[in-house]
file start.txt (compact mmCIF, C-alpha atoms and all ligand atoms)
# COMPACT_ATOMS: atom_id res chain seq x y z
CA MET A 17 148.54 76.18 30.81
CA LYS A 18 147.09 79.63 30.96
CA VAL A 19 143.62 79.28 32.48
CA LEU A 20 140.84 81.85 32.89
CA VAL A 21 137.95 81.36 35.33
CA VAL A 22 134.82 83.45 34.72
CA GLY A 23 132.95 84.75 37.78
CA GLY A 24 133.65 86.48 41.05
CA GLY A 25 132.00 84.80 44.04
CA GLY A 26 132.73 82.14 46.64
CA ARG A 27 132.26 79.40 44.08
CA GLU A 28 134.85 80.92 41.78
CA HIS A 29 137.25 81.37 44.71
CA ALA A 30 136.94 77.66 45.46
CA ILE A 31 137.49 76.77 41.80
CA CYS A 32 140.56 79.04 41.57
CA TRP A 33 141.91 77.73 44.89
CA LYS A 34 141.69 74.17 43.57
CA LEU A 35 143.03 74.97 40.08
CA ALA A 36 145.97 76.85 41.63
CA GLN A 37 147.04 73.51 43.16
CA SER A 38 147.32 71.88 39.73
CA PRO A 39 150.86 71.55 38.36
CA LYS A 40 149.36 71.95 34.88
CA VAL A 41 148.07 75.44 35.59
CA THR A 42 151.02 77.79 35.23
CA GLU A 43 149.05 81.03 34.98
CA LEU A 44 145.62 81.54 36.52
CA TYR A 45 143.28 84.46 35.81
CA CYS A 46 139.79 85.25 37.04
CA ALA A 47 137.31 87.72 35.54
CA PRO A 48 136.22 89.74 37.38
CA GLY A 49 137.31 87.87 40.56
CA ASN A 50 137.29 89.50 43.98
CA ALA A 51 139.76 90.47 46.70
CA GLY A 52 140.05 86.91 48.01
CA ILE A 53 140.42 85.36 44.58
CA ALA A 54 143.32 87.78 44.03
CA GLN A 55 145.30 85.69 46.56
CA VAL A 56 145.43 82.78 44.10
CA ALA A 57 144.72 84.27 40.64
CA ARG A 58 145.26 87.48 38.72
CA CYS A 59 141.95 89.34 38.55
CA VAL A 60 140.92 90.72 35.18
CA PRO A 61 138.49 93.66 34.92
CA VAL A 62 136.03 92.04 32.51
CA GLY A 63 132.44 91.52 33.70
CA ALA A 64 131.22 87.92 33.93
CA THR A 65 128.41 88.59 31.45
CA ASP A 66 130.52 90.55 28.94
CA VAL A 67 130.69 87.77 26.35
CA GLU A 68 132.49 89.77 23.69
CA GLY A 69 134.89 91.33 26.19
CA MET A 70 135.70 87.90 27.62
CA VAL A 71 136.40 86.34 24.21
CA ASN A 72 138.57 89.29 23.22
CA TRP A 73 140.55 89.21 26.46
CA ALA A 74 141.07 85.46 26.21
CA ARG A 75 142.19 85.74 22.58
CA GLU A 76 144.50 88.72 23.14
CA ASN A 77 146.11 87.05 26.12
CA ALA A 78 146.49 83.64 24.46
CA VAL A 79 144.45 81.84 27.14
CA ASP A 80 144.54 78.05 26.70
CA PHE A 81 141.38 77.17 28.60
CA VAL A 82 138.37 78.99 30.05
CA MET A 83 136.15 77.73 32.88
CA VAL A 84 132.78 79.50 32.80
CA ALA A 85 131.30 79.12 36.30
CA PRO A 86 128.12 81.27 36.64
CA ASP A 87 124.71 80.65 35.09
CA ASP A 88 124.21 83.96 33.29
CA PRO A 89 127.17 83.82 30.88
CA LEU A 90 126.38 80.16 30.18
CA ALA A 91 122.77 81.02 29.32
CA MET A 92 124.04 83.86 27.11
CA GLY A 93 126.25 81.50 25.10
CA MET A 94 129.72 82.42 26.36
CA VAL A 95 130.97 78.87 25.80
CA ASP A 96 129.66 78.90 22.21
CA ALA A 97 131.42 82.23 21.59
CA LEU A 98 134.72 80.99 23.05
CA GLU A 99 134.53 77.79 21.00
CA ALA A 100 133.84 79.81 17.88
CA ALA A 101 137.04 81.71 18.61
CA GLY A 102 138.92 78.41 18.93
CA ILE A 103 139.34 78.62 22.72
CA PRO A 104 138.55 75.44 24.69
CA ALA A 105 135.90 76.25 27.29
CA PHE A 106 134.38 74.27 30.15
CA GLY A 107 130.64 74.60 30.60
CA PRO A 108 127.51 73.84 28.60
CA ARG A 109 126.68 75.60 25.36
CA LYS A 110 123.65 77.84 25.32
CA ASN A 111 121.39 75.10 23.96
CA ALA A 112 122.26 72.86 26.95
CA ALA A 113 122.46 75.58 29.62
CA ILE A 114 118.72 75.96 28.97
CA VAL A 115 118.14 73.23 31.58
CA GLU A 116 118.68 76.01 34.11
CA ALA A 117 117.63 79.04 32.07
CA SER A 118 114.13 77.67 31.43
CA LYS A 119 112.25 75.69 34.04
CA ALA A 120 109.51 75.08 31.46
CA PHE A 121 112.08 73.42 29.17
CA SER A 122 113.49 71.20 31.87
CA LYS A 123 110.07 70.17 33.13
CA GLU A 124 109.09 69.13 29.60
CA LEU A 125 112.36 67.25 29.16
CA MET A 126 111.70 65.30 32.36
CA LYS A 127 108.15 64.53 31.33
CA LYS A 128 109.23 63.30 27.89
CA TYR A 129 112.01 61.08 29.25
CA ARG A 130 110.11 59.96 32.37
CA ILE A 131 112.60 61.43 34.80
CA PRO A 132 110.89 61.69 38.21
CA THR A 133 109.84 65.22 39.19
CA ALA A 134 106.87 67.05 40.70
CA ARG A 135 103.68 67.19 38.57
CA TYR A 136 103.29 70.61 37.01
CA GLU A 137 101.55 72.91 34.55
CA THR A 138 103.04 75.85 32.65
CA PHE A 139 101.10 79.09 32.19
CA THR A 140 101.53 82.25 30.14
CA ASP A 141 98.01 83.47 30.96
CA MET A 142 97.57 84.91 34.45
CA ASP A 143 93.86 84.19 34.84
CA ALA A 144 94.37 80.56 33.87
CA ALA A 145 97.20 80.30 36.44
CA LEU A 146 95.02 81.84 39.19
CA ALA A 147 92.16 79.48 38.39
CA TYR A 148 94.45 76.44 38.33
CA VAL A 149 95.79 77.24 41.79
CA ALA A 150 92.26 77.72 43.15
CA LYS A 151 91.32 74.30 41.79
CA GLN A 152 94.46 72.47 43.01
CA GLY A 153 94.53 73.98 46.51
CA ALA A 154 97.54 74.44 48.76
CA PRO A 155 100.33 73.76 49.53
CA ILE A 156 101.50 74.48 46.01
CA VAL A 157 104.66 75.84 44.40
CA VAL A 158 104.83 78.82 42.00
CA LYS A 159 107.98 79.42 39.93
CA ALA A 160 109.05 82.15 37.52
CA ASP A 161 110.29 80.48 34.32
CA GLY A 162 113.66 82.13 33.81
CA LEU A 163 116.74 82.90 35.86
CA ALA A 164 115.75 84.82 38.98
CA LEU A 165 118.79 84.26 41.21
CA GLY A 166 117.08 81.37 43.04
CA LYS A 167 114.52 83.81 44.36
CA GLY A 168 111.76 83.23 41.80
CA VAL A 169 110.14 80.37 43.74
CA THR A 170 107.26 80.57 46.22
CA VAL A 171 106.35 77.51 48.22
CA ALA A 172 102.84 78.68 49.12
CA ALA A 173 101.05 77.38 52.21
CA THR A 174 97.73 78.89 51.09
CA VAL A 175 95.90 79.54 47.81
CA GLU A 176 96.03 83.30 48.53
CA GLU A 177 99.80 83.23 48.94
CA ALA A 178 100.15 81.35 45.65
CA GLN A 179 97.86 83.79 43.84
CA ASP A 180 99.75 86.77 45.22
CA ALA A 181 102.99 85.26 43.91
CA ILE A 182 101.42 84.72 40.47
CA ARG A 183 100.21 88.33 40.35
CA ALA A 184 103.63 89.63 41.42
CA MET A 185 105.33 87.64 38.65
CA MET A 186 102.82 88.04 35.83
CA ALA A 187 101.18 91.43 36.45
CA ASP A 188 103.72 93.43 38.47
CA GLY A 189 106.77 92.17 36.57
CA LYS A 190 108.68 91.37 39.76
CA PHE A 191 111.14 89.22 37.83
CA GLY A 192 110.98 91.05 34.52
CA SER A 193 110.63 88.78 31.52
CA SER A 194 111.60 85.78 33.72
CA GLY A 195 108.09 85.95 35.20
CA SER A 196 106.01 86.11 32.04
CA THR A 197 105.80 82.32 32.08
CA VAL A 198 105.12 80.57 35.38
CA VAL A 199 105.39 76.92 36.31
CA ILE A 200 103.00 75.69 38.99
CA GLU A 201 104.03 72.50 40.73
CA GLU A 202 102.83 69.92 43.17
CA CYS A 203 104.50 70.49 46.56
CA MET A 204 106.93 67.69 47.40
CA THR A 205 108.25 66.75 50.84
CA GLY A 206 111.44 65.14 52.09
CA PRO A 207 115.11 65.98 52.57
CA GLU A 208 116.69 68.11 49.86
CA VAL A 209 120.02 67.02 48.46
CA THR A 210 122.26 68.52 45.81
CA VAL A 211 124.27 66.24 43.57
CA LEU A 212 126.75 67.95 41.28
CA ALA A 213 128.09 65.82 38.47
CA PHE A 214 130.87 66.21 35.93
CA THR A 215 129.82 65.22 32.44
CA ASP A 216 131.32 65.28 28.97
CA GLY A 217 127.91 64.71 27.40
CA LYS A 218 128.17 60.90 27.50
CA THR A 219 129.81 59.86 30.76
CA ILE A 220 128.51 61.28 34.00
CA VAL A 221 130.44 61.21 37.27
CA PRO A 222 128.55 62.38 40.36
CA MET A 223 130.48 64.19 43.08
CA PRO A 224 129.76 63.60 46.77
CA SER A 225 126.27 64.75 47.77
CA SER A 226 125.83 68.13 49.42
CA GLN A 227 123.10 70.15 51.05
CA ASP A 228 122.53 73.86 50.79
CA HIS A 229 120.63 75.92 53.39
CA LYS A 230 118.68 78.46 51.38
CA ARG A 231 116.69 80.30 54.04
CA VAL A 232 118.37 83.24 55.70
CA PHE A 233 117.59 82.36 59.35
CA ASP A 234 118.06 79.38 61.66
CA GLY A 235 115.40 76.70 61.54
CA ASN A 236 114.93 77.32 57.80
CA ARG A 237 113.01 80.53 58.38
CA GLY A 238 112.95 83.79 56.45
CA PRO A 239 113.34 84.44 52.74
CA ASN A 240 115.36 82.30 50.32
CA THR A 241 118.92 83.41 49.67
CA GLY A 242 121.65 82.27 47.30
CA GLY A 243 122.65 79.83 50.08
CA MET A 244 123.76 80.35 53.69
CA GLY A 245 125.89 77.28 54.15
CA ALA A 246 126.36 73.69 53.04
CA ILE A 247 127.60 70.30 54.11
CA SER A 248 128.98 67.33 52.20
CA PRO A 249 128.26 64.46 52.11
CA VAL A 250 124.60 64.26 53.22
CA PRO A 251 123.86 61.38 55.63
CA ALA A 252 120.36 60.77 54.17
CA TYR A 253 121.86 60.18 50.72
CA THR A 254 122.85 56.54 51.13
CA PRO A 255 124.82 54.46 48.59
CA GLU A 256 121.53 52.72 47.67
CA MET A 257 119.93 56.11 47.01
CA ALA A 258 122.97 57.12 44.95
CA SER A 259 122.67 54.11 42.66
CA ARG A 260 118.93 54.63 42.32
CA CYS A 261 119.52 58.28 41.33
CA MET A 262 122.16 57.22 38.83
CA GLU A 263 119.72 54.81 37.13
CA GLU A 264 116.53 56.91 37.36
CA ILE A 265 117.82 60.47 37.11
CA PHE A 266 121.49 61.18 36.32
CA ARG A 267 122.13 58.91 33.34
CA PRO A 268 118.66 59.44 31.86
CA THR A 269 119.18 63.21 32.00
CA VAL A 270 122.53 63.17 30.20
CA ASP A 271 121.14 60.71 27.64
CA ALA A 272 118.01 62.83 27.15
CA LEU A 273 120.01 65.99 26.49
CA ARG A 274 122.21 64.17 23.99
CA ALA A 275 119.16 62.67 22.29
CA GLU A 276 117.67 66.16 21.99
CA GLY A 277 120.79 67.39 20.20
CA ARG A 278 121.86 69.39 23.24
CA PRO A 279 124.84 67.45 24.63
CA PHE A 280 125.74 68.84 28.06
CA GLN A 281 129.41 69.33 28.82
CA GLY A 282 130.23 70.81 32.22
CA VAL A 283 128.82 70.45 35.72
CA LEU A 284 125.21 69.37 35.88
CA TYR A 285 123.51 70.29 39.15
CA PHE A 286 120.73 68.02 40.36
CA GLY A 287 118.56 69.57 43.04
CA LEU A 288 116.81 66.49 44.43
CA MET A 289 114.11 65.83 46.95
CA LEU A 290 114.08 62.41 48.60
CA THR A 291 110.30 62.06 48.77
CA PRO A 292 108.32 59.15 50.22
CA ASP A 293 107.81 58.04 46.55
CA GLY A 294 111.54 58.06 45.83
CA PRO A 295 114.03 60.67 44.64
CA LYS A 296 112.64 63.43 42.41
CA VAL A 297 114.23 66.39 40.63
CA VAL A 298 113.43 69.81 42.09
CA GLU A 299 115.60 71.64 39.61
CA TYR A 300 118.54 71.36 37.28
CA ASN A 301 121.29 73.93 37.18
CA ALA A 302 123.96 74.15 34.53
CA ARG A 303 126.93 74.77 36.82
CA PHE A 304 128.47 74.25 40.25
CA GLY A 305 126.18 75.37 43.08
CA ASP A 306 127.31 78.12 45.37
CA PRO A 307 128.06 77.37 48.25
CA GLU A 308 127.92 73.61 47.50
CA CYS A 309 131.02 74.00 45.34
CA GLN A 310 133.08 75.11 48.33
CA VAL A 311 132.44 71.92 50.33
CA VAL A 312 132.58 69.50 47.42
CA LEU A 313 135.86 70.82 46.00
CA SER A 314 137.33 70.75 49.52
CA LEU A 315 136.87 66.97 49.35
CA LEU A 316 138.31 66.50 45.86
CA ASP A 317 141.63 64.67 45.91
CA SER A 318 142.30 64.60 42.15
CA ASP A 319 143.57 67.40 39.94
CA LEU A 320 140.56 69.53 38.94
CA MET A 321 142.27 70.64 35.73
CA ASP A 322 142.48 67.03 34.49
CA ILE A 323 138.75 66.62 35.05
CA LEU A 324 137.75 69.88 33.37
CA GLN A 325 139.88 69.05 30.36
CA ALA A 326 138.44 65.56 30.08
CA CYS A 327 134.92 66.98 30.08
CA VAL A 328 135.80 69.29 27.19
CA ASP A 329 137.71 66.55 25.32
CA GLY A 330 134.98 63.91 25.78
CA THR A 331 137.32 61.58 27.68
CA LEU A 332 135.77 61.65 31.14
CA ASP A 333 135.50 57.84 31.14
CA GLN A 334 139.31 57.69 31.26
CA VAL A 335 139.81 59.84 34.36
CA ASP A 336 140.12 58.39 37.83
CA ILE A 337 138.37 60.86 40.15
CA ARG A 338 139.21 60.40 43.83
CA TRP A 339 137.61 61.98 46.89
CA LYS A 340 138.88 62.42 50.42
CA ASP A 341 137.25 60.51 53.26
CA GLY A 342 135.42 62.56 55.82
CA ALA A 343 133.17 65.55 55.43
CA ALA A 344 133.14 69.29 54.83
CA CYS A 345 131.06 72.23 56.01
CA VAL A 346 130.85 75.82 54.82
CA VAL A 347 129.28 78.59 56.89
CA VAL A 348 128.41 81.72 54.92
CA LEU A 349 129.04 85.04 56.66
CA ALA A 350 126.56 87.51 55.19
CA SER A 351 125.84 91.22 55.48
CA GLY A 352 122.99 91.96 57.90
CA GLY A 353 119.82 92.59 55.90
CA TYR A 354 120.74 90.23 53.04
CA PRO A 355 118.92 89.11 50.87
CA THR A 356 116.79 92.27 50.94
CA SER A 357 118.91 95.35 51.55
CA TYR A 358 122.28 95.66 53.22
CA GLU A 359 125.28 97.94 53.50
CA LYS A 360 128.76 97.35 52.12
CA GLY A 361 132.26 98.62 52.82
CA PHE A 362 132.77 97.41 56.43
CA PRO A 363 136.28 96.27 57.41
CA ILE A 364 136.65 92.54 58.11
CA SER A 365 138.81 91.28 60.99
CA GLY A 366 140.01 87.82 61.99
CA LEU A 367 140.63 86.43 58.50
CA GLU A 368 144.15 85.25 59.29
CA GLU A 369 143.18 83.52 62.53
CA ALA A 370 140.26 81.78 60.82
CA GLY A 371 142.53 80.77 57.96
CA GLU A 372 144.73 78.72 60.30
CA THR A 373 142.11 75.97 60.64
CA ALA A 374 139.71 76.60 57.75
CA VAL A 375 139.75 77.87 54.19
CA VAL A 376 137.98 81.21 53.94
CA PHE A 377 136.52 81.63 50.47
CA HIS A 378 135.57 85.18 49.57
CA ALA A 379 132.15 85.75 48.04
CA GLY A 380 131.87 89.55 48.18
CA THR A 381 134.95 91.43 49.32
CA LYS A 382 137.15 94.22 48.01
CA LEU A 383 140.41 95.78 49.11
CA GLY A 384 140.32 99.10 50.94
CA PRO A 385 142.86 101.94 50.58
CA GLN A 386 145.24 100.37 53.11
CA GLY A 387 145.00 96.93 51.55
CA GLU A 388 142.45 95.84 54.15
CA TYR A 389 139.53 93.56 53.28
CA LEU A 390 136.11 95.23 53.11
CA THR A 391 132.64 93.72 52.74
CA ASN A 392 131.32 94.12 49.21
CA GLY A 393 128.21 91.97 48.81
CA GLY A 394 125.32 90.18 50.47
CA ARG A 395 127.24 86.98 50.94
CA VAL A 396 130.70 88.05 52.09
CA LEU A 397 132.70 84.95 53.06
CA GLY A 398 132.34 81.17 53.09
CA VAL A 399 134.27 79.64 55.97
CA THR A 400 134.99 76.07 54.90
CA ALA A 401 136.43 73.25 56.98
CA THR A 402 136.90 69.53 56.59
CA GLY A 403 136.90 66.84 59.28
CA GLY A 404 136.95 63.11 59.79
CA THR A 405 133.22 63.21 60.48
CA LEU A 406 130.46 65.65 59.65
CA GLU A 407 130.28 66.73 63.30
CA GLU A 408 133.99 67.54 63.27
CA ALA A 409 133.71 69.49 60.04
CA ILE A 410 130.76 71.52 61.36
CA ALA A 411 132.57 72.27 64.63
CA ALA A 412 135.74 73.32 62.81
CA ALA A 413 133.87 75.61 60.42
CA TYR A 414 132.07 77.34 63.30
CA ASP A 415 135.26 77.65 65.38
CA ALA A 416 136.89 79.46 62.50
CA ALA A 417 133.81 81.50 61.57
CA ARG A 418 133.57 82.88 65.12
CA LYS A 419 137.06 84.38 64.78
CA ILE A 420 135.84 86.66 61.98
CA SER A 421 133.83 89.80 62.48
CA PHE A 422 132.51 92.81 60.62
CA GLU A 423 129.74 95.25 61.34
CA LYS A 424 126.24 93.75 60.99
CA MET A 425 127.64 90.30 60.22
CA HIS A 426 124.98 87.58 60.06
CA PHE A 427 125.31 83.83 59.80
CA ARG A 428 123.21 80.79 60.54
CA THR A 429 124.20 78.78 63.60
CA ASP A 430 122.56 75.52 62.47
CA ILE A 431 124.31 74.56 59.23
CA GLY A 432 124.28 70.77 59.02
CA ARG A 433 121.75 70.48 61.81
CA ALA A 434 118.63 72.17 60.44
CA PHE A 435 116.96 69.24 58.68
P1 LIG B 501 114.37 76.11 42.95
O1 LIG B 501 114.80 77.51 42.63
O2 LIG B 501 113.59 75.43 41.90
O3 LIG B 501 115.51 75.31 43.49
O4 LIG B 501 113.44 76.21 44.24
C1 LIG B 501 113.88 76.80 45.43
C2 LIG B 501 113.43 75.99 46.59
O5 LIG B 501 112.02 75.88 46.63
C3 LIG B 501 113.92 74.56 46.54
O6 LIG B 501 115.20 74.44 47.04
C4 LIG B 501 112.89 73.86 47.39
O7 LIG B 501 113.20 74.00 48.76
C5 LIG B 501 111.64 74.60 47.10
N1 LIG B 501 110.86 73.89 46.08
C6 LIG B 501 110.95 74.04 44.75
N2 LIG B 501 110.07 73.23 44.11
C7 LIG B 501 109.42 72.56 45.07
C8 LIG B 501 108.37 71.56 45.06
N3 LIG B 501 107.83 71.14 43.91
N4 LIG B 501 107.95 71.09 46.24
C9 LIG B 501 108.48 71.54 47.40
N5 LIG B 501 109.44 72.46 47.48
C10 LIG B 501 109.91 72.97 46.34
N1 LIG B 502 123.17 76.92 46.09
C1 LIG B 502 122.19 76.90 45.12
C2 LIG B 502 122.63 77.31 43.79
O1 LIG B 502 123.80 77.56 43.53
O2 LIG B 502 121.79 77.39 42.91

call {"tool": "encode", "arguments": {"input": "start.txt", "output": "structure tokens", "more": "lines below"}}
Ligand code: AMP
Ligand code: GLY
result
Amino acid sequence: MKVLVVGGGGREHAICWKLAQSPKVTELYCAPGNAGIAQVARCVPVGATDVEGMVNWARENAVDFVMVAPDDPLAMGMVDALEAAGIPAFGPRKNAAIVEASKAFSKELMKKYRIPTARYETFTDMDAALAYVAKQGAPIVVKADGLALGKGVTVAATVEEAQDAIRAMMADGKFGSSGSTVVIEECMTGPEVTVLAFTDGKTIVPMPSSQDHKRVFDGNRGPNTGGMGAISPVPAYTPEMASRCMEEIFRPTVDALRAEGRPFQGVLYFGLMLTPDGPKVVEYNARFGDPECQVVLSLLDSDLMDILQACVDGTLDQVDIRWKDGAACVVVLASGGYPTSYEKGFPISGLEEAGETAVVFHAGTKLGPQGEYLTNGGRVLGVTATGGTLEEAIAAAYDAARKISFEKMHFRTDIGRAF
């Protein structure tokens, strides 16, 4: 099969790395890809959000199957456009990707179907939002409605902080049109766990739990990022918790979306908080998380292509999905200054040595004039290792990560130990 993966970060490298191991995949392409992805797939110069360009390229090159990995093209309807052109595509249609694209939509869905989540109110009027926060008090959580690269959320310790966030979103346009509607939520407490699940719209198969580390500095300090590292599985997510989540959250969500005429085919991302009142949904995403994808796919024993195809064909109940024992850890190597401002173009050394004991997924790299790897993004690499235990996986990931260097490199030293 000729397969095209859409995207160009660490997540897409992990997906390509896994698909390249499938005997079914005879030709693998990635658009736009990156320098690391080019080791396992042919990179295609079409932007991830160029819906028309992607459909045309796939049609002209007789692609058999497209895997749309990032949120933006999903929200724009890339899967719908590919389907309309007769090309099988993995990922939710636009009307289902809305679970991520609109927090207001997903909060209403959860309310209607009694799926546990934080209490909330939605506002389009700034003064009403400011008054609501003053009445509720702090801590309180303020969220921009639309896609804001995971950065549109303020967990405010004081009323002033919450009101500043509301003004930034609604008056100053910090997140463009994403901020014209805000969701204000009760602040929940407890360990945060990600559960990614394959679904064909009817059957849902959760993957091993994982945990992202969103803050840029050790001890969960500093601003939120796209994710600085992850582990899988998460010790706090016990088998009892998993069956409770299946009954109270996962199955009800898939059933709710189908009942609403928005069947979800793809990877459904459950951002959960294990609160003293039980597990609650923090957020849904419509895709693999990044960097959670890197650890979870490192533990997948089965052929990923079989699973993706079954999701598209509606036959997920017939696939036996197996996972490796043990654990995995990814440590993200970022450019100093990320997520605010950072420089690019620094040469990277130690990739080969690190690659002897870990898999180094590239998030933001490009090739220099001599074929050398250069930094080309905020998140640069995701050093991913597996081990018999979580401790072993963490140690192996850090051993490998410490062999890599580039100017102004920054990484957290407490992945898997911060909570
Ligand atoms: P989100 O983009 O919705 O995942 O939010 C980003 C981060 O903000 C989450 O990973 C949580 O750590 C935090 N957060 C979001 N909503 C809440 C909430 N209701 N209570 C406490 N923390 C939250
Ligand atoms: N790692 C969080 C996300 O992909 O949204």

call {"tool": "residues_near_ligand", "arguments": {"input": "start.txt", "ligand": "ligand LIG 501 (chain B)", "cutoff": "10 Å", "atoms": "only C-alpha atoms and all ligand atoms", "output": "number ranges by chain"}}
result
A: 116, 119, 133-136, 155-161, 163-172, 199-210, 227-231, 236, 240-243, 286-289, 291, 296-301

call {"tool": "atom_distance", "arguments": {"input": "start.txt", "atom1": "CA of Thr174 (chain A)", "atom2": "CA of Ala154 (chain A)"}}
result
5.0 Å

call {"tool": "closest_residue", "arguments": {"input": "start.txt", "among": "A:Asn77, A:Thr215, A:Thr400, A:Gln310", "to": "ligand LIG 502 (chain B)", "atoms": "all atoms listed in the file"}}
result
A:Gln310

call {"tool": "residues_near_point", "arguments": {"input": "start.txt", "point": "(126.3, 70.3, 47.3)", "cutoff": "8 Å", "atoms": "only C-alpha atoms", "output": "ChimeraX atom specification"}}
result
/A:209-212,224-228,246-249,305,307-309,311-312

call {"tool": "closest_residue", "arguments": {"input": "start.txt", "among": "A:Cys327, A:Ala374, A:Ala117, A:Val270", "to": "ligand LIG 502 (chain B)", "atoms": "all atoms listed in the file"}}
result
A:Ala117

call {"tool": "atom_distance", "arguments": {"input": "start.txt", "atom1": "CA of Asn50 (chain A)", "atom2": "CA of Asp87 (chain A)"}}
result
17.8 Å

call {"tool": "closest_residue", "arguments": {"input": "start.txt", "among": "A:Leu320, A:Leu146, A:Leu44, A:Ala302", "to": "ligand LIG 502 (chain B)", "atoms": "all atoms listed in the file"}}
result
A:Ala302

call {"tool": "closest_residue", "arguments": {"input": "start.txt", "among": "A:Met126, A:Asp141, A:Ala112, A:Val335", "to": "Thr219 (chain A)", "atoms": "only C-alpha atoms"}}
result
A:Val335

call {"tool": "atom_distance", "arguments": {"input": "start.txt", "atom1": "CA of Phe81 (chain A)", "atom2": "CA of Leu20 (chain A)"}}
result
6.4 Å

call {"tool": "residues_around", "arguments": {"input": "start.txt", "residues": "Met262 (chain A)", "least_positions_apart": "4", "cutoff": "12 Å", "atoms": "only C-alpha atoms", "output": "NGL selection string"}}
result
:A and (131 or 211-213 or 219-223 or 255-258 or 266-271 or 286 or 295-296)

call {"tool": "write_last_selection", "arguments": {"input": "start.txt", "atoms": "C-alpha atoms", "output": "JSON list (two decimals), keeping the file's coordinate frame"}}
result
[["chain", "number", "residue", "atom", "x", "y", "z"],
["A", 131, "ILE", "CA", 112.60, 61.43, 34.80],
["A", 211, "VAL", "CA", 124.27, 66.24, 43.57],
["A", 212, "LEU", "CA", 126.75, 67.95, 41.28],
["A", 213, "ALA", "CA", 128.09, 65.82, 38.47],
["A", 219, "THR", "CA", 129.81, 59.86, 30.76],
["A", 220, "ILE", "CA", 128.51, 61.28, 34.00],
["A", 221, "VAL", "CA", 130.44, 61.21, 37.27],
["A", 222, "PRO", "CA", 128.55, 62.38, 40.36],
["A", 223, "MET", "CA", 130.48, 64.19, 43.08],
["A", 255, "PRO", "CA", 124.82, 54.46, 48.59],
["A", 256, "GLU", "CA", 121.53, 52.72, 47.67],
["A", 257, "MET", "CA", 119.93, 56.11, 47.01],
["A", 258, "ALA", "CA", 122.97, 57.12, 44.95],
["A", 266, "PHE", "CA", 121.49, 61.18, 36.32],
["A", 267, "ARG", "CA", 122.13, 58.91, 33.34],
["A", 268, "PRO", "CA", 118.66, 59.44, 31.86],
["A", 269, "THR", "CA", 119.18, 63.21, 32.00],
["A", 270, "VAL", "CA", 122.53, 63.17, 30.20],
["A", 271, "ASP", "CA", 121.14, 60.71, 27.64],
["A", 286, "PHE", "CA", 120.73, 68.02, 40.36],
["A", 295, "PRO", "CA", 114.03, 60.67, 44.64],
["A", 296, "LYS", "CA", 112.64, 63.43, 42.41]]

call {"tool": "closest_residue", "arguments": {"input": "start.txt", "among": "A:Phe427, A:Phe304, A:Tyr358, A:Phe106", "to": "ligand LIG 502 (chain B)", "atoms": "only C-alpha atoms and all ligand atoms"}}
result
A:Phe304

call {"tool": "decode", "arguments": {"input": "start.txt", "residues": "region 276-286 of chain A", "atoms": "N, CA and C atoms", "output": "short mmCIF file (atom, residue, chain, number, x, y, z; two decimals), in the first residue's frame"}}
result
data_model
loop_
_atom_site.label_atom_id
_atom_site.label_comp_id
_atom_site.auth_asym_id
_atom_site.auth_seq_id
_atom_site.Cartn_x
_atom_site.Cartn_y
_atom_site.Cartn_z
N GLU A 276 -25.25 11.97 18.09
CA GLU A 276 -25.37 13.34 17.60
C GLU A 276 -25.19 13.42 16.08
N GLY A 277 -25.00 12.27 15.45
CA GLY A 277 -24.76 12.28 13.99
C GLY A 277 -23.36 12.74 13.63
N ARG A 278 -22.44 12.54 14.57
CA ARG A 278 -21.04 12.92 14.34
C ARG A 278 -20.14 11.74 14.69
N PRO A 279 -20.31 10.60 14.02
CA PRO A 279 -19.49 9.44 14.40
C PRO A 279 -18.01 9.77 14.30
N PHE A 280 -17.25 9.36 15.31
CA PHE A 280 -15.83 9.72 15.38
C PHE A 280 -14.99 8.52 14.98
N GLN A 281 -14.26 8.66 13.91
CA GLN A 281 -13.34 7.62 13.44
C GLN A 281 -11.93 8.20 13.53
N GLY A 282 -11.06 7.52 14.29
CA GLY A 282 -9.70 8.03 14.42
C GLY A 282 -9.15 7.73 15.81
N VAL A 283 -8.30 8.63 16.29
CA VAL A 283 -7.82 8.53 17.67
C VAL A 283 -8.51 9.60 18.49
N LEU A 284 -9.19 9.16 19.52
CA LEU A 284 -9.83 10.09 20.44
C LEU A 284 -8.93 10.21 21.67
N TYR A 285 -8.62 11.45 22.01
CA TYR A 285 -7.68 11.75 23.10
C TYR A 285 -8.49 12.20 24.31
N PHE A 286 -8.38 11.45 25.39
CA PHE A 286 -9.05 11.83 26.63
C PHE A 286 -8.01 12.40 27.59
#
